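Here is the file target.txt (compact mmCIF, C-alpha atoms (C1' of nucleotides)).
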# COMPACT_ATOMS: atom_id res chain seq x y z
CA MET J 147 0.15 50.25 -32.88
CA ALA J 148 -1.52 53.25 -34.51
CA GLU J 149 -2.90 54.33 -31.15
CA LEU J 150 0.47 54.03 -29.42
CA ARG J 151 2.12 55.88 -32.26
CA GLN J 152 -0.23 58.77 -31.75
CA ARG J 153 0.00 58.73 -27.98
CA TYR J 154 3.77 59.05 -27.90
CA ALA J 155 4.09 60.94 -31.18
CA ILE J 156 6.71 58.64 -32.62
CA GLY J 157 7.11 56.44 -35.66
CA LEU J 158 6.82 52.69 -35.89
CA SER J 159 10.52 51.91 -35.62
CA PRO J 160 11.18 53.33 -32.15
CA LEU J 161 7.86 51.95 -30.98
CA ARG J 162 8.73 48.45 -32.11
CA GLU J 163 12.16 48.75 -30.57
CA ALA J 164 10.74 49.90 -27.24
CA LEU J 165 8.28 47.02 -27.22
CA SER J 166 11.02 44.57 -28.10
CA ARG J 167 13.00 45.65 -25.06
CA LEU J 168 9.94 45.38 -22.87
CA VAL J 169 9.70 41.80 -24.09
CA GLY J 170 13.14 41.18 -22.65
CA GLU J 171 11.99 42.66 -19.35
CA GLY J 172 8.89 40.50 -19.20
CA LEU J 173 6.33 43.30 -19.38
CA VAL J 174 5.29 42.59 -22.95
CA ILE J 175 4.85 39.40 -24.91
CA ALA J 176 5.55 39.12 -28.62
CA GLU J 177 3.98 36.50 -30.80
CA GLY J 178 5.36 36.04 -34.27
CA GLN J 179 3.22 37.72 -36.92
CA ARG J 180 0.64 38.48 -34.27
CA GLY J 181 2.13 41.57 -32.75
CA PHE J 182 2.76 42.60 -29.18
CA ARG J 183 0.47 42.38 -26.21
CA VAL J 184 0.55 43.16 -22.52
CA ALA J 185 1.90 40.26 -20.48
CA PRO J 186 -1.13 38.57 -18.88
CA PHE J 187 -2.01 38.84 -15.21
CA SER J 188 -2.81 35.78 -13.13
CA PRO J 189 -2.44 34.34 -9.63
CA GLU J 190 0.10 31.89 -11.05
CA ASP J 191 2.10 34.79 -12.42
CA VAL J 192 2.17 36.43 -9.00
CA ASP J 193 3.41 33.21 -7.45
CA ASP J 194 6.12 32.91 -10.07
CA LEU J 195 7.13 36.53 -9.66
CA ILE J 196 7.42 36.13 -5.93
CA PHE J 197 9.26 32.84 -6.18
CA VAL J 198 11.96 34.19 -8.48
CA TRP J 199 12.24 37.42 -6.56
CA GLN J 200 12.63 35.49 -3.34
CA THR J 201 15.25 33.22 -4.89
CA ILE J 202 17.33 35.99 -6.40
CA VAL J 203 17.18 38.33 -3.44
CA GLU J 204 17.97 35.55 -0.98
CA GLY J 205 20.97 34.47 -3.02
CA ALA J 206 22.22 37.99 -3.52
CA LEU J 207 21.61 38.92 0.10
CA ARG J 208 23.55 35.92 1.39
CA ALA J 209 26.42 36.73 -0.96
CA ALA J 210 26.41 40.38 0.06
CA MET J 211 26.30 39.60 3.76
CA ALA J 212 29.05 37.03 3.44
CA ARG J 213 31.34 39.77 2.26
CA ARG J 214 30.54 42.30 4.98
CA ASP J 215 31.57 45.28 2.92
CA GLU J 216 31.87 48.53 4.84
CA HIS J 217 30.97 50.70 1.89
CA SER J 218 27.91 48.63 1.05
CA GLU J 219 26.66 48.89 4.61
CA ALA J 220 26.95 52.65 4.46
CA ALA J 221 24.97 52.66 1.24
CA ILE J 222 22.18 50.68 2.93
CA VAL J 223 21.97 53.18 5.74
CA ALA J 224 21.93 56.02 3.22
CA ALA J 225 19.18 54.38 1.18
CA PHE J 226 17.11 53.80 4.30
CA HIS J 227 17.52 57.42 5.27
CA VAL J 228 16.08 58.57 1.95
CA LEU J 229 13.29 56.03 2.27
CA GLU J 230 12.49 57.35 5.73
CA ARG J 231 12.18 60.88 4.39
CA ARG J 232 9.89 59.84 1.60
CA ILE J 233 7.72 57.29 3.38
CA GLY J 234 5.03 59.92 3.68
CA CYS J 235 4.72 60.08 -0.10
CA ALA J 236 3.77 56.40 -0.23
CA THR J 237 0.05 57.09 0.01
CA SER J 238 0.11 60.48 -1.69
CA GLU J 239 -2.30 61.25 -4.47
CA ASP J 240 0.35 63.15 -6.39
CA PRO J 241 1.93 60.77 -8.96
CA VAL J 242 5.22 62.64 -8.82
CA ALA J 243 5.47 62.28 -5.06
CA ARG J 244 4.48 58.63 -5.20
CA ASP J 245 7.09 58.07 -7.85
CA SER J 246 9.78 59.59 -5.66
CA TYR J 247 8.80 57.13 -2.93
CA GLU J 248 8.84 54.18 -5.30
CA GLN J 249 12.29 55.19 -6.43
CA ALA J 250 13.53 55.26 -2.83
CA HIS J 251 11.83 51.94 -2.12
CA ARG J 252 13.49 50.28 -5.08
CA ALA J 253 16.85 51.82 -4.21
CA PHE J 254 16.60 50.48 -0.66
CA TYR J 255 16.07 46.91 -1.80
CA LEU J 256 18.81 47.22 -4.39
CA ALA J 257 21.17 48.57 -1.75
CA LEU J 258 20.57 45.52 0.44
CA THR J 259 22.00 43.25 -2.26
CA ALA J 260 24.43 45.67 -3.89
CA GLY J 261 27.26 44.13 -1.91
CA ALA J 262 26.94 40.98 -3.97
CA ALA J 263 28.38 43.02 -6.85
CA SER J 264 26.32 41.08 -9.35
CA PRO J 265 25.18 43.14 -12.35
CA ARG J 266 22.87 40.33 -13.45
CA ALA J 267 21.20 40.02 -10.07
CA THR J 268 20.66 43.78 -10.05
CA TYR J 269 19.24 43.71 -13.55
CA ILE J 270 16.86 40.89 -12.70
CA GLN J 271 15.77 42.61 -9.50
CA ASN J 272 15.01 45.78 -11.42
CA ALA J 273 13.02 43.86 -13.98
CA LEU J 274 11.07 42.01 -11.31
CA TYR J 275 10.41 45.26 -9.49
CA ASP J 276 8.88 46.71 -12.64
CA GLN J 277 6.81 43.60 -13.15
CA ALA J 278 5.57 43.68 -9.57
CA ARG J 279 4.49 47.28 -10.05
CA ARG J 280 1.69 46.11 -12.31
CA TYR J 281 0.23 44.26 -9.35
CA ARG J 282 1.26 46.81 -6.75
CA VAL J 283 -0.96 49.49 -8.21
CA LEU J 284 -3.94 47.22 -7.57
CA LEU J 285 -3.23 47.57 -3.87
CA HIS J 286 -2.70 51.29 -3.93
CA ARG J 287 -5.88 52.22 -2.09
CA ASP J 288 -5.63 49.85 0.83
CA GLN J 289 -2.05 49.66 2.02
CA PRO J 290 -0.81 49.13 5.55
CA ASP J 291 0.12 52.15 7.62
CA PRO J 292 3.28 53.75 6.19
CA LYS J 293 4.68 53.99 9.71
CA ASP J 294 4.42 50.22 10.18
CA ARG J 295 5.99 49.55 6.84
CA LEU J 296 8.90 51.78 7.65
CA GLU J 297 9.48 49.88 10.88
CA GLY J 298 9.49 46.67 8.88
CA TYR J 299 12.20 48.06 6.63
CA ARG J 300 14.17 49.24 9.64
CA THR J 301 14.00 45.78 11.17
CA LEU J 302 15.17 44.25 7.93
CA MET J 303 18.04 46.69 7.66
CA GLN J 304 19.17 46.04 11.19
CA LEU J 305 19.12 42.30 10.65
CA VAL J 306 21.30 42.79 7.60
CA LEU J 307 23.69 45.15 9.35
CA THR J 308 24.07 42.79 12.31
CA SER J 309 24.75 39.82 10.04
CA GLN J 310 21.69 37.84 11.09
CA THR J 311 21.42 36.31 7.67
CA ASP J 312 18.80 33.67 8.27
CA MET J 313 16.61 36.09 10.20
CA ALA J 314 16.89 38.65 7.40
CA VAL J 315 15.93 36.06 4.81
CA ALA J 316 12.99 34.99 6.96
CA LYS J 317 11.89 38.60 7.27
CA LEU J 318 12.00 39.00 3.51
CA ARG J 319 9.97 35.86 3.06
CA GLU J 320 7.42 37.04 5.61
CA ASP J 321 6.99 40.41 3.92
CA LEU J 322 6.46 38.75 0.57
CA THR J 323 3.86 36.40 1.99
CA ILE J 324 1.94 39.31 3.50
CA TRP J 325 2.08 41.17 0.23
CA ARG J 326 0.87 38.16 -1.68
CA ASP J 327 -2.01 37.51 0.67
CA GLY J 328 -3.07 41.13 0.52
CA LEU J 329 -3.00 41.06 -3.25
CA THR J 330 -4.87 37.77 -3.42
CA ARG J 331 -7.59 39.10 -1.16
CA ARG J 332 -7.83 42.40 -2.98
CA ALA J 333 -8.11 40.80 -6.40
CA GLY J 334 -10.59 38.22 -5.21
CA TRP J 335 -8.49 35.25 -6.25
CA MET Q 138 25.04 47.52 -39.16
CA ALA Q 139 25.67 47.50 -42.90
CA GLU Q 140 27.78 44.35 -42.54
CA LEU Q 141 25.14 42.56 -40.48
CA ARG Q 142 22.46 43.66 -42.92
CA GLN Q 143 24.38 42.03 -45.73
CA ARG Q 144 25.26 38.91 -43.80
CA TYR Q 145 21.66 38.07 -42.93
CA ALA Q 146 20.13 39.69 -46.00
CA ILE Q 147 17.58 41.73 -44.06
CA GLY Q 148 16.70 45.36 -43.61
CA LEU Q 149 17.49 47.62 -40.73
CA SER Q 150 14.19 47.24 -38.89
CA PRO Q 151 14.35 43.50 -38.17
CA LEU Q 152 18.04 43.81 -37.43
CA ARG Q 153 17.45 46.52 -34.85
CA GLU Q 154 14.61 44.55 -33.36
CA ALA Q 155 16.70 41.40 -33.09
CA LEU Q 156 19.49 43.32 -31.41
CA SER Q 157 17.03 44.94 -29.02
CA ARG Q 158 15.86 41.53 -27.88
CA LEU Q 159 19.42 40.34 -27.47
CA VAL Q 160 19.87 43.32 -25.17
CA GLY Q 161 17.11 41.91 -23.00
CA GLU Q 162 18.89 38.56 -22.95
CA GLY Q 163 22.21 40.08 -21.98
CA LEU Q 164 24.14 39.15 -25.11
CA VAL Q 165 24.23 42.65 -26.54
CA ILE Q 166 24.60 46.06 -24.96
CA ALA Q 167 22.93 49.17 -26.33
CA GLU Q 168 24.20 52.66 -25.68
CA GLY Q 169 21.98 55.56 -26.61
CA GLN Q 170 22.98 57.16 -29.91
CA ARG Q 171 26.07 54.97 -29.96
CA GLY Q 172 24.58 51.81 -31.33
CA PHE Q 173 24.86 48.20 -30.27
CA ARG Q 174 27.91 46.22 -29.29
CA VAL Q 175 28.73 42.72 -28.14
CA ALA Q 176 28.50 42.35 -24.37
CA PRO Q 177 32.08 42.39 -23.06
CA PHE Q 178 33.89 39.31 -21.77
CA SER Q 179 35.71 39.31 -18.46
CA PRO Q 180 36.58 37.08 -15.50
CA GLU Q 181 34.17 39.15 -13.39
CA ASP Q 182 31.43 38.46 -15.91
CA VAL Q 183 32.06 34.73 -15.63
CA ASP Q 184 31.83 34.91 -11.86
CA ASP Q 185 28.58 36.84 -12.10
CA LEU Q 186 27.17 34.44 -14.64
CA ILE Q 187 27.99 31.47 -12.45
CA PHE Q 188 26.70 33.14 -9.33
CA VAL Q 189 23.29 33.92 -10.79
CA TRP Q 190 23.05 30.55 -12.50
CA GLN Q 191 23.89 28.82 -9.25
CA THR Q 192 21.33 30.89 -7.36
CA ILE Q 193 18.48 30.38 -9.81
CA VAL Q 194 19.10 26.69 -10.39
CA GLU Q 195 19.47 25.96 -6.70
CA GLY Q 196 16.23 27.76 -5.91
CA ALA Q 197 14.34 26.13 -8.74
CA LEU Q 198 15.79 22.72 -7.98
CA ARG Q 199 14.78 22.89 -4.34
CA ALA Q 200 11.29 23.99 -5.31
CA ALA Q 201 11.00 21.24 -7.89
CA MET Q 202 12.28 18.55 -5.53
CA ALA Q 203 9.97 19.72 -2.77
CA ARG Q 204 7.03 18.91 -4.98
CA ARG Q 205 8.16 15.46 -6.04
CA ASP Q 206 6.14 15.44 -9.19
CA GLU Q 207 5.87 12.07 -10.92
CA HIS Q 208 5.56 13.55 -14.38
CA SER Q 209 8.54 15.81 -13.90
CA GLU Q 210 10.69 12.89 -12.78
CA ALA Q 211 9.79 10.99 -15.91
CA ALA Q 212 10.75 14.02 -17.99
CA ILE Q 213 14.17 14.07 -16.31
CA VAL Q 214 14.77 10.43 -17.14
CA ALA Q 215 13.66 11.06 -20.70
CA ALA Q 216 15.95 14.07 -21.07
CA PHE Q 217 18.88 12.08 -19.69
CA HIS Q 218 18.19 9.30 -22.15
CA VAL Q 219 18.44 11.71 -25.06
CA LEU Q 220 21.59 13.22 -23.57
CA GLU Q 221 23.09 9.74 -23.26
CA ARG Q 222 22.46 9.05 -26.91
CA ARG Q 223 24.01 12.31 -28.01
CA ILE Q 224 26.95 12.49 -25.63
CA GLY Q 225 29.18 11.29 -28.46
CA CYS Q 226 28.38 14.42 -30.44
CA ALA Q 227 29.83 16.61 -27.71
CA THR Q 228 33.30 16.65 -29.22
CA SER Q 229 32.23 16.27 -32.82
CA GLU Q 230 33.63 18.56 -35.47
CA ASP Q 231 30.27 18.75 -37.21
CA PRO Q 232 28.47 21.88 -36.02
CA VAL Q 233 25.09 20.27 -36.58
CA ALA Q 234 25.94 17.27 -34.42
CA ARG Q 235 27.42 19.47 -31.73
CA ASP Q 236 24.30 21.58 -31.79
CA SER Q 237 22.13 18.52 -31.25
CA TYR Q 238 24.21 17.68 -28.19
CA GLU Q 239 23.97 21.20 -26.85
CA GLN Q 240 20.23 21.07 -27.26
CA ALA Q 241 20.03 17.85 -25.26
CA HIS Q 242 22.39 19.26 -22.64
CA ARG Q 243 20.24 22.35 -22.19
CA ALA Q 244 17.05 20.29 -22.12
CA PHE Q 245 18.49 18.06 -19.39
CA TYR Q 246 19.24 20.97 -17.11
CA LEU Q 247 15.87 22.54 -17.81
CA ALA Q 248 14.15 19.24 -17.03
CA LEU Q 249 15.82 19.12 -13.63
CA THR Q 250 14.09 22.35 -12.62
CA ALA Q 251 10.94 22.05 -14.72
CA GLY Q 252 9.05 20.76 -11.70
CA ALA Q 253 9.28 24.18 -10.14
CA ALA Q 254 6.79 25.29 -12.80
CA SER Q 255 8.36 28.74 -12.94
CA PRO Q 256 8.29 30.36 -16.38
CA ARG Q 257 10.59 33.11 -15.22
CA ALA Q 258 13.17 30.71 -13.82
CA THR Q 259 13.09 28.81 -17.09
CA TYR Q 260 13.47 32.00 -19.10
CA ILE Q 261 16.41 33.14 -17.00
CA GLN Q 262 18.07 29.73 -17.22
CA ASN Q 263 17.75 29.79 -20.99
CA ALA Q 264 19.22 33.27 -21.16
CA LEU Q 265 22.11 32.30 -18.89
CA TYR Q 266 22.74 29.16 -20.92
CA ASP Q 267 23.07 31.29 -24.06
CA GLN Q 268 25.39 33.68 -22.29
CA ALA Q 269 27.54 30.84 -21.01
CA ARG Q 270 27.85 29.52 -24.53
CA ARG Q 271 30.05 32.46 -25.41
CA TYR Q 272 32.57 31.20 -22.89
CA ARG Q 273 31.92 27.51 -23.47
CA VAL Q 274 33.19 27.68 -27.03
CA LEU Q 275 36.54 28.79 -25.65
CA LEU Q 276 36.85 25.40 -24.01
CA HIS Q 277 35.73 23.44 -27.01
CA ARG Q 278 39.13 21.91 -27.77
CA ASP Q 279 40.05 20.66 -24.34
CA GLN Q 280 37.04 19.20 -22.65
CA PRO Q 281 36.92 16.33 -20.19
CA ASP Q 282 36.12 12.87 -21.45
CA PRO Q 283 32.49 12.70 -22.60
CA LYS Q 284 32.11 9.44 -20.75
CA ASP Q 285 33.09 11.04 -17.44
CA ARG Q 286 30.78 13.96 -18.02
CA LEU Q 287 27.90 11.63 -18.69
CA GLU Q 288 28.54 9.85 -15.41
CA GLY Q 289 28.48 13.22 -13.69
CA TYR Q 290 25.08 13.92 -15.15
CA ARG Q 291 23.87 10.48 -14.17
CA THR Q 292 24.99 11.05 -10.60
CA LEU Q 293 23.21 14.39 -10.53
CA MET Q 294 20.05 12.86 -11.90
CA GLN Q 295 20.05 10.07 -9.37
CA LEU Q 296 20.54 12.50 -6.51
CA VAL Q 297 17.55 14.46 -7.76
CA LEU Q 298 15.41 11.37 -8.25
CA THR Q 299 16.23 10.08 -4.77
CA SER Q 300 15.43 13.44 -3.16
CA GLN Q 301 18.92 14.07 -1.87
CA THR Q 302 18.46 17.78 -2.26
CA ASP Q 303 21.54 19.08 -0.52
CA MET Q 304 23.75 16.53 -2.25
CA ALA Q 305 22.33 17.50 -5.61
CA VAL Q 306 22.93 21.17 -4.95
CA ALA Q 307 26.47 20.40 -3.84
CA LYS Q 308 27.05 18.42 -7.03
CA LEU Q 309 25.84 21.34 -9.12
CA ARG Q 310 28.12 23.68 -7.26
CA GLU Q 311 31.07 21.33 -7.75
CA ASP Q 312 30.46 21.04 -11.50
CA LEU Q 313 30.30 24.80 -11.84
CA THR Q 314 33.53 25.26 -9.92
CA ILE Q 315 35.31 22.77 -12.16
CA TRP Q 316 33.97 24.51 -15.23
CA ARG Q 317 35.05 27.89 -13.97
CA ASP Q 318 38.55 26.73 -13.11
CA GLY Q 319 38.94 25.11 -16.51
CA LEU Q 320 37.84 28.28 -18.20
CA THR Q 321 40.06 30.48 -16.07
CA ARG Q 322 43.07 28.30 -16.85
CA ARG Q 323 42.26 28.15 -20.55
CA ALA Q 324 41.82 31.90 -20.91
CA GLY Q 325 44.93 32.66 -18.88
CA TRP Q 326 43.12 34.79 -16.31
C1' DT Z 178 53.86 71.19 -29.12
C1' DT Z 179 49.45 70.96 -27.30
C1' DT Z 180 44.84 72.35 -27.29
C1' DT Z 181 40.74 74.11 -29.19
C1' DG Z 182 37.20 74.57 -32.59
C1' DA Z 183 34.83 73.85 -36.87
C1' DA Z 184 33.91 71.38 -40.98
C1' DA Z 185 33.51 66.83 -43.11
C1' DT Z 186 32.52 62.21 -42.62
C1' DA Z 187 30.32 58.19 -40.90
C1' DA Z 188 27.51 56.29 -37.92
C1' DT Z 189 22.83 55.61 -35.58
C1' DT Z 190 18.04 56.62 -35.53
C1' DT Z 191 13.61 57.78 -37.43
C1' DC Z 192 10.09 58.14 -40.83
C1' DG Z 193 6.37 56.84 -44.22
C1' DA Z 194 5.14 53.56 -47.70
C1' DA Z 195 5.14 48.89 -49.65
C1' DA Z 196 4.81 43.98 -48.87
C1' DT Z 197 3.54 40.15 -46.30
C1' DT Z 198 0.68 37.76 -43.09
C1' DC Z 199 -3.19 36.99 -40.32
C1' DT Z 200 -8.21 37.61 -39.16
C1' DC Z 201 -12.88 38.09 -40.14
C1' DT Z 202 -16.92 37.62 -43.11
C1' DG Z 203 -19.91 35.31 -46.26
C1' DG Z 204 -21.34 31.47 -48.79
C1' DA Z 205 -21.24 26.78 -50.62
C1' DG Z 206 -20.98 21.92 -49.67
C1' DG Z 207 -21.52 17.88 -46.62
C1' DC U 172 -27.00 22.64 -38.70
C1' DC U 173 -22.14 22.35 -38.83
C1' DT U 174 -17.81 22.48 -41.37
C1' DC U 175 -14.80 24.10 -44.70
C1' DC U 176 -13.01 27.28 -48.06
C1' DA U 177 -12.26 31.58 -50.55
C1' DG U 178 -12.03 36.68 -50.63
C1' DA U 179 -12.00 41.19 -48.45
C1' DG U 180 -10.23 43.74 -44.81
C1' DA U 181 -6.98 44.92 -41.14
C1' DA U 182 -3.23 44.05 -38.84
C1' DT U 183 1.98 43.26 -38.42
C1' DT U 184 6.36 43.38 -40.57
C1' DT U 185 9.84 44.97 -43.72
C1' DC U 186 12.17 48.11 -46.71
C1' DG U 187 14.94 52.15 -48.38
C1' DA U 188 15.57 57.04 -47.82
C1' DA U 189 15.80 61.17 -44.93
C1' DA U 190 17.08 63.30 -40.56
C1' DT U 191 19.62 63.45 -36.51
C1' DT U 192 23.67 62.62 -33.82
C1' DA U 193 28.42 61.23 -32.89
C1' DT U 194 33.18 60.82 -34.51
C1' DT U 195 37.13 62.08 -37.03
C1' DT U 196 40.08 65.24 -39.43
C1' DC U 197 42.42 69.34 -40.15
C1' DA U 198 43.77 73.88 -39.38
C1' DA U 199 44.47 77.81 -36.38
C1' DA U 200 45.63 79.78 -31.98
C1' DA U 201 47.75 79.56 -27.40
This structure in C-alpha cells:
Amino acid sequence: MAELRQRYAIGLSPLREALSRLVGEGLVIAEGQRGFRVAPFSPEDVDDLIFVWQTIVEGALRAAMARRDEHSEAAIVAAFHVLERRIGCATSEDPVARDSYEQAHRAFYLALTAGAASPRATYIQNALYDQARRYRVLLHRDQPDPKDRLEGYRTLMQLVLTSQTDMAVAKLREDLTIWRDGLTRRAGW
Amino acid sequence: MAELRQRYAIGLSPLREALSRLVGEGLVIAEGQRGFRVAPFSPEDVDDLIFVWQTIVEGALRAAMARRDEHSEAAIVAAFHVLERRIGCATSEDPVARDSYEQAHRAFYLALTAGAASPRATYIQNALYDQARRYRVLLHRDQPDPKDRLEGYRTLMQLVLTSQTDMAVAKLREDLTIWRDGLTRRAGW
DNA sequence: TTTTGAAATAATTTCGAAATTCTCTGGAGG
DNA sequence: CCTCCAGAGAATTTCGAAATTATTTCAAAA
C-alpha cells in the first residue's frame, strides 16, 4: 500500500476505495484482514472468462437482433467505421495510439449488443473486457495481421446487420476459440 | 453518511469502502463528488435484471448439464432437501426464519448451475439475487402457496437431473415470467 | 418578476495517526 | 528433528479532523 500511495501520490482512503471498486470488477481480490492482491492468472480463469463472455454476448446479441432497431444498426456501422480507421494502431508501439484502437475495439463490441438496451449486460461486458486485457497484453507481440482481423469484424458486422443470428453467434464463438488457443500456446499452458 | 455512521457505529472509512463494494454489486450508485445513493427502482430495471439473470442461468445451466457431473447432481438433491425443510419459513413473520429460507432458496439455484464450475457466473448470480431481493420484498405479503412453489422447484430439479435441458430452461423462463407479472401487478406498473 | 451572482452552509472527500490484526522469528518442549 | 508457543515486527484497518467541492440562500440587477 505504501508503494501504491507513493506511485499515485494519494492517501490511503482513495486508494482503498479504488481497490474496493476493482474488487467489484474482478481485477482485484480482497481477503479480510489480509489486504488486497491482484486477481490470479490461470488457464481455468481464461476458460471462465471466455465462457461468461460468450454467454453474455450471445444472449445480448440475440436480444438486440430480435429487436432490429434502426438506430442501433447505424451505431454498429459507425463503430465499425472508427475501428477501420484505427486498425493500424493495433500493433503500434505508441501506448496512446494502441489505447485509441482498444477503445474503438471495445466500442465496436458494445455497439453490437447495445440494441439489447441492457445496462447490466453492458456493465458486465465492460468488466470482462478489462479482465481480458490482462491476458491480451501477453499476446501483444504476436498478433494476427490487422487486415485479417478487420475482415473478421466486417464479416461479423454483416452477419448481424443481415439478421443471420446463428451465424453471427458461431462467428463470435470461433473468434473466441482462436483467441484462446493463441493465448494457450503463447503462455505455454 | 452521518446517519449511516451512527446506525452501524463505524467510521467513515469502512462505510465508504462498504458502499464502494456495493457499487460493484449494483446495489448502490456513486456519482463523483455527489456521494452515494441507492440504485433506483424501475420497471425497466426489473426487465434488465430478469434478462441478464435468464441469460446467465441458461448459459450456466446448459454448461452444467452438458457435463453431467455426479457430484454436482448430488449437491442439487442435497440443496433441494434443505429447501424442502425450510419451505415453511418462506411466509414466516420471523426475519431470522425467512432469512434461513432465502439462504436455502439461493443455494438451490446456485447448486443447479454449480456444475458449470464458473466462478464468474456464480458471482454474477449472487449479485443478481441480491438485487432481485429489493423487488422480492415488495411481494412478500402476497406470494403463491409455498407448497406449489416447492413443487415447481421439484419439477425443475427433476428436469435437470434427467437431462431435459430445453425443458428445464423453459421452466426457468416460465417461473421468471410469472414472477415478473406478479411484481408488475403488485407495484401497479 | 425573473435571473444572476456571491456568500453561507452542508455535504463529500482526503489526509495522517492510532489501533487492531496478522506474519515472521526464535526458542523451549515433546 | 519436528511441533508448538510467545514476542517482535510489519502489515491492514479504522478513526476523527482538515480540505475540497457542491448546494442552498439571499440580495441585487435586469
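Residues from chain Q that have an atom within 7 Å of chain Z, counting all atoms listed in the file, are Q:Gln170, Q:Arg171, Q:Gly172.
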Next on the checklist: Could you list, as a PyMOL selection string, every residue within 8 Å of Ala227 of chain Q, counting only C-alpha atoms (C1' of nucleotides) and ignoring same-chain residues fewer than 3 positions away?
Outcome noted: chain Q and resi 223-224+234-235+238-239+283
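Atom pair atom CA of Cys226 of chain Q / atom CA of Asp282 of chain Q: separated by 12.0 Å.
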Show me a table, sorted first by chain and then by increasing residue number, of the residues of chain U having an atom at most 10 Å from chain J, each with its shortest atom pair and the distance in Å to one decimal, counting all atoms listed in the file and written as CSV.
residue,atom,partner,partner_atom,distance
U:DA182,C1',J:Arg180,CA,8.2
U:DT183,C1',J:Gln179,CA,5.9
U:DT184,C1',J:Gln179,CA,7.4
Item to check | Check: which chain Q residues lie within 10 Å of chain J using only C-alpha atoms, as number ranges by chain | outcome: Q: 149-151, 153-163, 181-182, 184-186, 188-197, 200, 253-258, 260-261, 265
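If you look at atom CA of Asp312 of chain Q and atom CA of Ala203 of chain Q, they are 22.3 Å away from each other.
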Next on the checklist: Excluding Leu284 of chain J and its own-chain neighbours fewer than 6 positions away, which residues fall within 9 Å of it when counting all atoms listed in the file? Please give them as an MDAnalysis selection string.
Outcome noted: chainID J and resid 329 332:333
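Atom pair atom CA of Leu293 of chain Q / atom CA of Asp231 of chain Q has a distance of 27.9 Å (rounded to one decimal).
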Item to check | Best match for closeness to Arg282 of chain J among J:Ala185, J:Ala221, J:Ile175, J:Arg326, counting all atoms listed in the file | outcome: J:Arg326
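Proximity ranking of J:Val242, J:Val228, J:Met211, J:Leu296 relative to Ala314 of chain J places J:Met211 first, based on all atoms listed in the file.
In terms of minimum interatomic distance to Arg278 of chain Q, Q:Thr228 ranks closest within Q:Glu210, Q:Arg204, Q:Val306, Q:Thr228, counting only C-alpha atoms.
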Please give the centre and size of the box around segment 152-155 of chain Q (axis-aligned, containing every atom listed in the file, 4 Å added per side), with values in Å to one decimal and written as AutoDock Vina command-line options.
--center_x 16.3 --center_y 44.0 --center_z -35.3 --size_x 11.4 --size_y 13.1 --size_z 12.3
Supply segment 186-198 of chain Q as a PDB file, keeping the file's coordinate frame, with N, CA and C atoms built in where the input has gaps.
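Output contents, as saved in part_34.pdb:
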ATOM      1  N   LEU Q 186      27.987  35.426 -13.928  1.00  0.00           N
ATOM      2  CA  LEU Q 186      27.170  34.440 -14.640  1.00  0.00           C
ATOM      3  C   LEU Q 186      26.975  33.184 -13.800  1.00  0.00           C
ATOM      4  N   ILE Q 187      28.057  32.683 -13.255  1.00  0.00           N
ATOM      5  CA  ILE Q 187      27.990  31.470 -12.450  1.00  0.00           C
ATOM      6  C   ILE Q 187      27.202  31.696 -11.170  1.00  0.00           C
ATOM      7  N   PHE Q 188      27.412  32.843 -10.579  1.00  0.00           N
ATOM      8  CA  PHE Q 188      26.700  33.140  -9.330  1.00  0.00           C
ATOM      9  C   PHE Q 188      25.188  33.140  -9.533  1.00  0.00           C
ATOM     10  N   VAL Q 189      24.734  33.838 -10.560  1.00  0.00           N
ATOM     11  CA  VAL Q 189      23.290  33.920 -10.790  1.00  0.00           C
ATOM     12  C   VAL Q 189      22.744  32.569 -11.229  1.00  0.00           C
ATOM     13  N   TRP Q 190      23.488  31.872 -12.048  1.00  0.00           N
ATOM     14  CA  TRP Q 190      23.050  30.550 -12.500  1.00  0.00           C
ATOM     15  C   TRP Q 190      22.897  29.628 -11.286  1.00  0.00           C
ATOM     16  N   GLN Q 191      23.922  29.636 -10.457  1.00  0.00           N
ATOM     17  CA  GLN Q 191      23.890  28.820  -9.250  1.00  0.00           C
ATOM     18  C   GLN Q 191      22.669  29.163  -8.392  1.00  0.00           C
ATOM     19  N   THR Q 192      22.436  30.436  -8.208  1.00  0.00           N
ATOM     20  CA  THR Q 192      21.330  30.890  -7.360  1.00  0.00           C
ATOM     21  C   THR Q 192      19.985  30.442  -7.915  1.00  0.00           C
ATOM     22  N   ILE Q 193      19.776  30.701  -9.193  1.00  0.00           N
ATOM     23  CA  ILE Q 193      18.480  30.380  -9.810  1.00  0.00           C
ATOM     24  C   ILE Q 193      18.262  28.873  -9.848  1.00  0.00           C
ATOM     25  N   VAL Q 194      19.273  28.134 -10.268  1.00  0.00           N
ATOM     26  CA  VAL Q 194      19.100  26.690 -10.390  1.00  0.00           C
ATOM     27  C   VAL Q 194      18.898  26.058  -9.016  1.00  0.00           C
ATOM     28  N   GLU Q 195      19.639  26.515  -8.037  1.00  0.00           N
ATOM     29  CA  GLU Q 195      19.470  25.960  -6.700  1.00  0.00           C
ATOM     30  C   GLU Q 195      18.054  26.216  -6.183  1.00  0.00           C
ATOM     31  N   GLY Q 196      17.583  27.444  -6.350  1.00  0.00           N
ATOM     32  CA  GLY Q 196      16.230  27.760  -5.910  1.00  0.00           C
ATOM     33  C   GLY Q 196      15.184  26.941  -6.640  1.00  0.00           C
ATOM     34  N   ALA Q 197      15.327  26.872  -7.946  1.00  0.00           N
ATOM     35  CA  ALA Q 197      14.340  26.130  -8.740  1.00  0.00           C
ATOM     36  C   ALA Q 197      14.416  24.641  -8.442  1.00  0.00           C
ATOM     37  N   LEU Q 198      15.636  24.144  -8.252  1.00  0.00           N
ATOM     38  CA  LEU Q 198      15.790  22.720  -7.980  1.00  0.00           C
ATOM     39  C   LEU Q 198      15.165  22.339  -6.639  1.00  0.00           C
TER      40      LEU Q 198
END
